[in-house]
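Please read the structure below before turning to the comments.
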Amino acid sequence: MMRTAWAATALVFALSAPVLAKDVMDVADLVEKQGPAVVNISTTKLVKRGPEGLPFAVPDEEDMQEFFRRFFPGGPGGQGGQGGPMQEIPARGAGSGFIVSSDGYILTNAHVVRDADEVVVKLIDKRKFTAKVVGADTRTDVAVIKITADKLPAVKLGDPTRLRVGEAVAAIGSPFGFENSVTAGIVSAKGRSLPSESYVPYIQTDVPINPGNSGGPLFNMKGEVVGINSQIYSRSGGYQGVSFAIPIDVAMEVVGQLKSSGKVSRGWLGVVIQEVTADLAESFGLDRPRGALVSQVQEDSPAHKAGLQAADVILEFNGKAVENSGDLPRMVGMTKPGVKIPLQVWRKGKAQQLSVVLTELPAETQQAGTEGKTFSRGGLALSELSAEQRRALGLDHGVLVVDATGDAARAGIRTGDVILAVNNSKVANVDAFRKAIAAVPVGKSAAILVRRGEGSLYIPLKISGE
């Protein structure tokens, strides 16, 4: 007990000592100098619901209204229920952000402002502004918003590549709506890859982060922003000691494209890759486990045209070493399409040099090879049902949901669901699903019949065009 108390006291003293090293400030000074540039963000979205309150928003289009009248007769517009007009109910959200330029540009998370009808920014001096969303990138979860003001306090940006594991960091945000709350901790790890995102080398910290902190800044003890607080790892929904931040250099690369064109263009190689284990390294004649093992080359892709083959191990991309397979998607994704890139590959026991001209990442490909997932329009990674799975489920058609992101995740489709039909048309295989969903216009919804557990349900999947 005494030893634990002493360790906690020592950490608090280390984080609040007046001077730790040259140019290093304590947390109180950091907050005093940088706090005014941190903002609270509140959002409002109008959600349509029927008088009976279906567990999801009912689409506007006439054919989908007819669909719900047929299958949910007690719901809005139903024959056997009370029916009645649709109602618009404001759904409110909150998050954090920080000012990066004195003329009103603010960084936050894409999920904080996604689909919002109104975004309001509140400064520490209580001034409020209605903000415009300049652009948002769901793959890195970075968004840029703009308020009309000048001479605003702005943060100073740091270099996250110089962060050391164990280094003290602090966050300012609005957890659970408590504005301008300060928490502190250390860097737990760097370069983390998460299953939901392969383009971001996350900074892992033990800084307490909770709902409302999203989009707020992560500072080093020089008072520089090194990351954007984005995610937590939790089994309860609240902070459990593991938090993740987007490195600010990655975010600023995205910001530049969002400000210039409103979207982000990424390079595409067209390979499915896997990690090189110690056993695989030995079998390939490599000196140690390193690189990205190519398990599949997609037809007519830049990789195919460059001569890459299955069983190649990509050791270098554009002169930079690929130590782990997770490094490659980030390198490829952050490279401008159309650029000729040198590759070093390990093939049949020796290194070879190739060159590849990347093209732009197709809209339906959400990840550059990681885990072998290719995502359809709407954000679904699918696989065919095996004969054994069909027998066990008693099905003669359908496709398995391997992962759900974007529109599909927002609609409530889950990993493990089996998609049986799209707009009442049976789905026999993955190609059939792709063709069916490709016919749905942007802004419209498709009725997805899903087998979940022992039952089935319809889920409206609205295509946003992201």
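We name chains A, B, ... following the order of the structure tokens; residues begin at 1 in each chain, and ligands are numbered from 1 as shown.
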Neighbour list for region 273-282 of chain A as a PyMOL selection string, cut-off 12 Å, only C-alpha atoms, skip fewer than 2 positions in-chain: chain A and resi 269-271+284-298+303+308-315+322-329+346-349+367-373
Expected file contents, prior selection, N, CA and C atoms, as a short mmCIF file (atom, residue, chain, number, x, y, z; two decimals), in the first residue's frame:
```cif
data_model
loop_
_atom_site.label_atom_id
_atom_site.label_comp_id
_atom_site.auth_asym_id
_atom_site.auth_seq_id
_atom_site.Cartn_x
_atom_site.Cartn_y
_atom_site.Cartn_z
N LEU A 269 -2.08 0.35 -54.15
CA LEU A 269 -1.14 -0.61 -54.70
C LEU A 269 -1.86 -1.84 -55.24
N GLY A 270 -2.83 -2.37 -54.49
CA GLY A 270 -3.62 -3.50 -54.97
C GLY A 270 -3.07 -4.86 -54.60
N VAL A 271 -2.66 -4.99 -53.33
CA VAL A 271 -2.19 -6.29 -52.85
C VAL A 271 -2.88 -6.63 -51.54
N PHE A 284 11.59 -18.37 -46.18
CA PHE A 284 11.91 -17.54 -47.33
C PHE A 284 13.40 -17.18 -47.41
N GLY A 285 14.16 -17.55 -46.39
CA GLY A 285 15.58 -17.24 -46.39
C GLY A 285 15.90 -15.82 -45.95
N LEU A 286 14.97 -15.16 -45.26
CA LEU A 286 15.22 -13.81 -44.73
C LEU A 286 16.04 -13.89 -43.45
N ASP A 287 16.82 -12.83 -43.19
CA ASP A 287 17.67 -12.84 -42.01
C ASP A 287 16.87 -12.71 -40.71
N ARG A 288 15.68 -12.10 -40.80
CA ARG A 288 14.82 -11.91 -39.63
C ARG A 288 13.41 -11.60 -40.10
N PRO A 289 12.41 -11.69 -39.22
CA PRO A 289 11.04 -11.35 -39.62
C PRO A 289 10.92 -9.86 -39.92
N ARG A 290 10.61 -9.51 -41.14
CA ARG A 290 10.43 -8.12 -41.54
C ARG A 290 9.70 -8.08 -42.87
N GLY A 291 9.18 -6.90 -43.22
CA GLY A 291 8.51 -6.73 -44.49
C GLY A 291 7.03 -7.10 -44.46
N ALA A 292 6.41 -7.02 -45.62
CA ALA A 292 5.00 -7.36 -45.81
C ALA A 292 4.90 -8.46 -46.85
N LEU A 293 4.37 -9.61 -46.47
CA LEU A 293 4.26 -10.75 -47.36
C LEU A 293 3.02 -10.60 -48.24
N VAL A 294 3.21 -10.64 -49.55
CA VAL A 294 2.11 -10.53 -50.50
C VAL A 294 1.45 -11.90 -50.64
N SER A 295 0.18 -11.99 -50.22
CA SER A 295 -0.56 -13.25 -50.35
C SER A 295 -1.45 -13.26 -51.58
N GLN A 296 -1.75 -12.06 -52.11
CA GLN A 296 -2.59 -11.98 -53.31
C GLN A 296 -2.33 -10.66 -54.02
N VAL A 297 -2.27 -10.71 -55.34
CA VAL A 297 -2.14 -9.50 -56.17
C VAL A 297 -3.44 -9.34 -56.95
N GLN A 298 -4.10 -8.19 -56.79
CA GLN A 298 -5.38 -7.97 -57.45
C GLN A 298 -5.16 -7.70 -58.95
N ALA A 303 0.03 -3.01 -58.64
CA ALA A 303 0.96 -4.07 -58.26
C ALA A 303 1.08 -5.12 -59.36
N LEU A 308 4.56 -7.46 -59.39
CA LEU A 308 4.55 -8.09 -58.07
C LEU A 308 3.85 -9.43 -58.13
N GLN A 309 4.34 -10.38 -57.32
CA GLN A 309 3.80 -11.73 -57.33
C GLN A 309 3.46 -12.17 -55.91
N ALA A 310 2.51 -13.10 -55.81
CA ALA A 310 2.24 -13.72 -54.52
C ALA A 310 3.52 -14.39 -54.03
N ALA A 311 3.78 -14.30 -52.74
CA ALA A 311 4.98 -14.83 -52.07
C ALA A 311 6.13 -13.84 -52.08
N ASP A 312 6.00 -12.70 -52.80
CA ASP A 312 6.99 -11.61 -52.66
C ASP A 312 6.88 -11.02 -51.25
N VAL A 313 8.00 -10.60 -50.71
CA VAL A 313 8.01 -9.88 -49.43
C VAL A 313 8.49 -8.46 -49.73
N ILE A 314 7.63 -7.47 -49.50
CA ILE A 314 8.00 -6.08 -49.76
C ILE A 314 8.83 -5.58 -48.59
N LEU A 315 10.11 -5.28 -48.85
CA LEU A 315 11.05 -4.86 -47.81
C LEU A 315 11.18 -3.35 -47.71
N VAL A 322 10.15 -1.33 -44.68
CA VAL A 322 8.86 -1.84 -44.20
C VAL A 322 9.18 -2.89 -43.15
N GLU A 323 9.15 -2.50 -41.89
CA GLU A 323 9.51 -3.43 -40.82
C GLU A 323 8.37 -4.39 -40.51
N ASN A 324 7.14 -3.87 -40.51
CA ASN A 324 5.96 -4.69 -40.21
C ASN A 324 4.96 -4.52 -41.35
N SER A 325 4.10 -5.51 -41.52
CA SER A 325 3.13 -5.43 -42.61
C SER A 325 2.21 -4.22 -42.44
N GLY A 326 1.95 -3.83 -41.20
CA GLY A 326 1.09 -2.68 -40.94
C GLY A 326 1.68 -1.36 -41.40
N ASP A 327 2.99 -1.32 -41.66
CA ASP A 327 3.61 -0.09 -42.15
C ASP A 327 3.21 0.22 -43.59
N LEU A 328 3.01 -0.83 -44.39
CA LEU A 328 2.81 -0.64 -45.82
C LEU A 328 1.52 0.12 -46.17
N PRO A 329 0.35 -0.23 -45.61
CA PRO A 329 -0.86 0.53 -45.97
C PRO A 329 -0.72 2.02 -45.69
N TRP A 346 11.69 -9.16 -51.73
CA TRP A 346 12.47 -10.38 -51.52
C TRP A 346 11.76 -11.50 -52.28
N ARG A 347 12.45 -12.04 -53.30
CA ARG A 347 11.84 -13.06 -54.15
C ARG A 347 12.82 -14.19 -54.39
N LYS A 348 12.43 -15.38 -54.04
CA LYS A 348 13.24 -16.58 -54.26
C LYS A 348 14.65 -16.44 -53.70
N GLY A 349 14.74 -15.92 -52.47
CA GLY A 349 16.00 -15.91 -51.76
C GLY A 349 16.90 -14.72 -52.01
N GLN A 367 -9.24 -0.45 -47.22
CA GLN A 367 -7.96 -0.72 -46.59
C GLN A 367 -6.99 -1.25 -47.62
N ALA A 368 -5.73 -0.82 -47.56
CA ALA A 368 -4.73 -1.19 -48.57
C ALA A 368 -4.10 -2.54 -48.25
N GLY A 369 -4.90 -3.58 -48.25
CA GLY A 369 -4.36 -4.92 -48.11
C GLY A 369 -4.40 -5.48 -46.72
N THR A 370 -4.51 -4.68 -45.67
CA THR A 370 -4.44 -5.20 -44.32
C THR A 370 -5.57 -6.18 -44.08
N GLU A 371 -5.23 -7.37 -43.60
CA GLU A 371 -6.16 -8.43 -43.25
C GLU A 371 -6.91 -8.98 -44.46
N GLY A 372 -6.55 -8.50 -45.67
CA GLY A 372 -7.18 -9.04 -46.86
C GLY A 372 -8.63 -8.61 -47.04
N LYS A 373 -9.06 -7.53 -46.42
CA LYS A 373 -10.45 -7.11 -46.52
C LYS A 373 -10.63 -6.12 -47.67
#
```
Using only C-alpha atoms, pick whichever of A:Val100, A:Val264, A:Ala245, A:Ala37 has the shortest atom-to-atom distance to Ser193 (chain A). A:Ala245
Write out as a PDB file with N, CA and C atoms, in the first residue's frame each polymer residue whose atoms come within 12 Å of Phe178 (chain A), counting only C-alpha atoms; drop sequence neighbours fewer than 3 positions from it.
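What ended up in part.pdb:
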```pdb
ATOM      1  N   VAL A  39     -11.411  24.169 -27.877  1.00  0.00           N
ATOM      2  CA  VAL A  39     -12.816  24.559 -27.961  1.00  0.00           C
ATOM      3  C   VAL A  39     -13.737  23.388 -27.663  1.00  0.00           C
ATOM      4  N   ASN A  40     -14.952  23.726 -27.265  1.00  0.00           N
ATOM      5  CA  ASN A  40     -16.017  22.746 -27.097  1.00  0.00           C
ATOM      6  C   ASN A  40     -16.882  22.765 -28.351  1.00  0.00           C
ATOM      7  N   ILE A  41     -17.230  21.584 -28.858  1.00  0.00           N
ATOM      8  CA  ILE A  41     -18.043  21.485 -30.070  1.00  0.00           C
ATOM      9  C   ILE A  41     -19.345  20.769 -29.740  1.00  0.00           C
ATOM     10  N   ALA A  94     -21.636  15.955 -28.749  1.00  0.00           N
ATOM     11  CA  ALA A  94     -20.623  16.888 -28.239  1.00  0.00           C
ATOM     12  C   ALA A  94     -19.239  16.301 -28.421  1.00  0.00           C
ATOM     13  N   GLY A  95     -18.270  17.184 -28.520  1.00  0.00           N
ATOM     14  CA  GLY A  95     -16.879  16.779 -28.653  1.00  0.00           C
ATOM     15  C   GLY A  95     -15.969  17.953 -28.378  1.00  0.00           C
ATOM     16  N   SER A  96     -14.745  17.810 -28.772  1.00  0.00           N
ATOM     17  CA  SER A  96     -13.737  18.842 -28.538  1.00  0.00           C
ATOM     18  C   SER A  96     -13.005  19.143 -29.838  1.00  0.00           C
ATOM     19  N   ILE A 172      -6.631  18.136 -23.110  1.00  0.00           N
ATOM     20  CA  ILE A 172      -7.660  19.091 -22.695  1.00  0.00           C
ATOM     21  C   ILE A 172      -8.889  18.826 -23.558  1.00  0.00           C
ATOM     22  N   GLY A 173     -10.050  18.733 -22.912  1.00  0.00           N
ATOM     23  CA  GLY A 173     -11.269  18.460 -23.664  1.00  0.00           C
ATOM     24  C   GLY A 173     -12.498  18.620 -22.803  1.00  0.00           C
ATOM     25  N   SER A 174     -13.590  18.001 -23.247  1.00  0.00           N
ATOM     26  CA  SER A 174     -14.876  18.145 -22.547  1.00  0.00           C
ATOM     27  C   SER A 174     -15.489  16.782 -22.264  1.00  0.00           C
ATOM     28  N   PRO A 175     -14.858  15.954 -21.415  1.00  0.00           N
ATOM     29  CA  PRO A 175     -15.419  14.633 -21.122  1.00  0.00           C
ATOM     30  C   PRO A 175     -16.783  14.757 -20.463  1.00  0.00           C
ATOM     31  N   SER A 181     -11.660  20.358 -19.319  1.00  0.00           N
ATOM     32  CA  SER A 181     -11.109  19.434 -18.326  1.00  0.00           C
ATOM     33  C   SER A 181      -9.718  18.987 -18.768  1.00  0.00           C
ATOM     34  N   VAL A 182      -8.827  18.866 -17.814  1.00  0.00           N
ATOM     35  CA  VAL A 182      -7.432  18.521 -18.092  1.00  0.00           C
ATOM     36  C   VAL A 182      -7.112  17.166 -17.478  1.00  0.00           C
ATOM     37  N   ASN A 210     -12.548  10.212 -22.225  1.00  0.00           N
ATOM     38  CA  ASN A 210     -13.924   9.744 -22.131  1.00  0.00           C
ATOM     39  C   ASN A 210     -14.763  10.413 -23.204  1.00  0.00           C
ATOM     40  N   PRO A 211     -16.027   9.970 -23.399  1.00  0.00           N
ATOM     41  CA  PRO A 211     -16.887  10.633 -24.387  1.00  0.00           C
ATOM     42  C   PRO A 211     -16.923  12.143 -24.169  1.00  0.00           C
ATOM     43  N   GLY A 212     -16.687  12.892 -25.238  1.00  0.00           N
ATOM     44  CA  GLY A 212     -16.593  14.353 -25.151  1.00  0.00           C
ATOM     45  C   GLY A 212     -15.173  14.843 -25.332  1.00  0.00           C
ATOM     46  N   ASN A 213     -14.188  13.962 -25.050  1.00  0.00           N
ATOM     47  CA  ASN A 213     -12.780  14.302 -25.296  1.00  0.00           C
ATOM     48  C   ASN A 213     -12.419  14.169 -26.774  1.00  0.00           C
TER      49      ASN A 213
END
```
Looking only at strand (DSSP E or B) from DSSP on the backbone, list the matching residues of region 72-201 of chain A as a PyMOL selection string. chain A and resi 87-99+105-108+118-122+128-137+142-146+156-157+168-173+181-194+197-201
Can I get the selection written as a tab-separated table (two decimals), in the first residue's frame, with C-alpha atoms?
```tsv
chain	number	residue	atom	x	y	z
A	87	GLN	CA	-41.51	13.91	-36.75
A	88	GLU	CA	-38.06	15.50	-36.74
A	89	ILE	CA	-36.34	15.06	-33.39
A	90	PRO	CA	-33.04	16.85	-32.68
A	91	ALA	CA	-30.23	14.45	-31.78
A	92	ARG	CA	-27.41	16.25	-30.00
A	93	GLY	CA	-23.74	15.38	-29.74
A	94	ALA	CA	-20.62	16.89	-28.24
A	95	GLY	CA	-16.88	16.78	-28.65
A	96	SER	CA	-13.74	18.84	-28.54
A	97	GLY	CA	-11.43	20.57	-30.99
A	98	PHE	CA	-8.55	23.02	-31.18
A	99	ILE	CA	-7.74	26.13	-33.19
A	105	TYR	CA	-9.63	26.89	-38.72
A	106	ILE	CA	-10.29	24.16	-36.14
A	107	LEU	CA	-9.35	20.47	-36.06
A	108	THR	CA	-11.56	17.78	-34.57
A	118	GLU	CA	-25.54	22.36	-37.14
A	119	VAL	CA	-22.09	22.66	-35.55
A	120	VAL	CA	-21.56	25.18	-32.75
A	121	VAL	CA	-18.14	26.08	-31.37
A	122	LYS	CA	-17.76	27.53	-27.88
A	128	LYS	CA	-20.14	30.95	-29.51
A	129	PHE	CA	-19.87	30.56	-33.28
A	130	THR	CA	-21.72	28.49	-35.85
A	131	ALA	CA	-19.07	26.53	-37.74
A	132	LYS	CA	-18.87	25.32	-41.33
A	133	VAL	CA	-17.50	21.83	-42.00
A	134	VAL	CA	-14.69	22.35	-44.52
A	135	GLY	CA	-14.07	18.64	-44.96
A	136	ALA	CA	-13.93	15.33	-43.11
A	137	ASP	CA	-11.97	12.13	-43.72
A	142	VAL	CA	-9.93	13.90	-39.05
A	143	ALA	CA	-12.19	16.88	-39.80
A	144	VAL	CA	-11.59	20.58	-40.42
A	145	ILE	CA	-14.22	23.14	-39.45
A	146	LYS	CA	-14.15	26.94	-39.82
A	156	LYS	CA	1.64	25.23	-31.48
A	157	LEU	CA	2.20	21.99	-33.40
A	168	ALA	CA	4.53	12.70	-20.15
A	169	VAL	CA	1.56	14.06	-22.14
A	170	ALA	CA	-1.66	15.90	-21.30
A	171	ALA	CA	-5.11	16.29	-22.85
A	172	ILE	CA	-7.66	19.09	-22.70
A	173	GLY	CA	-11.27	18.46	-23.66
A	181	SER	CA	-11.11	19.43	-18.33
A	182	VAL	CA	-7.43	18.52	-18.09
A	183	THR	CA	-6.03	15.00	-17.76
A	184	ALA	CA	-2.44	13.75	-17.90
A	185	GLY	CA	-0.46	10.55	-18.30
A	186	ILE	CA	2.32	9.04	-20.38
A	187	VAL	CA	2.88	7.68	-23.88
A	188	SER	CA	2.28	3.93	-23.62
A	189	ALA	CA	3.29	2.98	-27.17
A	190	LYS	CA	3.69	4.41	-30.68
A	191	GLY	CA	2.71	3.24	-34.14
A	192	ARG	CA	-0.27	1.18	-33.04
A	193	SER	CA	-2.46	-0.31	-35.77
A	194	LEU	CA	-6.13	-0.82	-34.97
A	197	GLU	CA	-8.10	1.65	-39.40
A	198	SER	CA	-4.86	0.77	-41.17
A	199	TYR	CA	-3.82	4.25	-42.30
A	200	VAL	CA	-3.06	5.75	-38.87
A	201	PRO	CA	-0.02	4.88	-36.69
```
Mind listing the alpha helix (DSSP H) residues of region 259-327 of chain A, per DSSP on the backbone, as a compact mmCIF listing (two decimals) with N, CA and C atoms, in the first residue's frame?
```txt
# COMPACT_ATOMS: atom_id res chain seq x y z
N LYS A 259 -8.58 21.14 -47.07
CA LYS A 259 -8.72 22.58 -47.29
C LYS A 259 -8.65 22.93 -48.78
N SER A 260 -7.86 22.17 -49.53
CA SER A 260 -7.68 22.50 -50.95
C SER A 260 -8.76 21.91 -51.84
N SER A 261 -9.24 20.70 -51.51
CA SER A 261 -10.21 20.05 -52.40
C SER A 261 -11.43 19.49 -51.70
N ALA A 278 8.36 -15.50 -37.75
CA ALA A 278 9.72 -16.04 -37.68
C ALA A 278 9.85 -17.29 -38.57
N ASP A 279 8.82 -18.14 -38.55
CA ASP A 279 8.85 -19.36 -39.36
C ASP A 279 8.83 -19.02 -40.85
N LEU A 280 8.00 -18.04 -41.24
CA LEU A 280 7.95 -17.65 -42.64
C LEU A 280 9.27 -17.03 -43.09
N ALA A 281 9.85 -16.19 -42.23
CA ALA A 281 11.13 -15.57 -42.57
C ALA A 281 12.19 -16.63 -42.83
N GLU A 282 12.20 -17.65 -41.99
CA GLU A 282 13.18 -18.74 -42.15
C GLU A 282 12.93 -19.49 -43.45
N SER A 283 11.65 -19.75 -43.77
CA SER A 283 11.35 -20.51 -44.98
C SER A 283 11.67 -19.72 -46.25
N PHE A 284 11.59 -18.37 -46.18
CA PHE A 284 11.91 -17.54 -47.33
C PHE A 284 13.40 -17.18 -47.41
N PRO A 302 -2.12 -1.63 -59.82
CA PRO A 302 -0.75 -1.15 -60.01
C PRO A 302 0.29 -2.22 -59.67
N ALA A 303 0.03 -3.01 -58.64
CA ALA A 303 0.96 -4.07 -58.26
C ALA A 303 1.08 -5.12 -59.36
N HIS A 304 -0.05 -5.48 -59.96
CA HIS A 304 -0.05 -6.47 -61.04
C HIS A 304 0.74 -5.96 -62.24
N LYS A 305 0.53 -4.69 -62.59
CA LYS A 305 1.24 -4.10 -63.73
C LYS A 305 2.74 -3.95 -63.46
N ALA A 306 3.10 -3.81 -62.17
CA ALA A 306 4.51 -3.66 -61.82
C ALA A 306 5.26 -4.98 -61.74
N ASP A 327 2.99 -1.32 -41.66
CA ASP A 327 3.61 -0.09 -42.15
C ASP A 327 3.21 0.22 -43.59
```
Set the distance at 7 Å and use only C-alpha atoms: which residues neighbour Ala447 (chain A) once local chain neighbours fewer than 3 positions away are removed? I'd like the list as an MDAnalysis selection string. chainID A and resid 422:423 458:461
Deliver the residues from the most recent selection as a file, using N, CA and C atoms, as a PDB file, in the first residue's frame.
```pdb
ATOM      1  N   VAL A 422     -31.311  -7.864 -50.828  1.00  0.00           N
ATOM      2  CA  VAL A 422     -31.250  -6.414 -50.992  1.00  0.00           C
ATOM      3  C   VAL A 422     -32.489  -5.997 -51.765  1.00  0.00           C
ATOM      4  N   ASN A 423     -33.312  -5.151 -51.133  1.00  0.00           N
ATOM      5  CA  ASN A 423     -34.569  -4.713 -51.767  1.00  0.00           C
ATOM      6  C   ASN A 423     -35.390  -5.897 -52.274  1.00  0.00           C
ATOM      7  N   TYR A 458     -34.995  -6.559 -41.127  1.00  0.00           N
ATOM      8  CA  TYR A 458     -34.669  -5.643 -42.203  1.00  0.00           C
ATOM      9  C   TYR A 458     -33.951  -4.429 -41.625  1.00  0.00           C
ATOM     10  N   ILE A 459     -32.874  -3.997 -42.302  1.00  0.00           N
ATOM     11  CA  ILE A 459     -32.129  -2.815 -41.896  1.00  0.00           C
ATOM     12  C   ILE A 459     -32.023  -1.885 -43.098  1.00  0.00           C
ATOM     13  N   PRO A 460     -32.448  -0.622 -42.961  1.00  0.00           N
ATOM     14  CA  PRO A 460     -32.298   0.321 -44.068  1.00  0.00           C
ATOM     15  C   PRO A 460     -30.857   0.838 -44.140  1.00  0.00           C
ATOM     16  N   LEU A 461     -30.201   0.596 -45.255  1.00  0.00           N
ATOM     17  CA  LEU A 461     -28.820   1.037 -45.451  1.00  0.00           C
ATOM     18  C   LEU A 461     -28.820   2.223 -46.398  1.00  0.00           C
TER      19      LEU A 461
END
```
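Distances here use only C-alpha atoms; by that measure, the residue among A:Val450, A:Ile203, A:Leu354, A:Ala421 closest to Ile248 (chain A) is A:Ile203.
Shortest separation to Leu395 (chain A) among A:Asp407, A:Val418, A:Arg377, A:Gly262 occurs at residue A:Val418, atoms counted being only C-alpha atoms.
Shortest atom-to-atom contact with Pro362 (chain A) among A:Thr415, A:Ser376, A:Ser101, A:Asn229: A:Ser376, counting only C-alpha atoms.
If you look at CA of Pro36 (chain A) and CA of Ile228 (chain A), they are 16.5 Å away from each other.
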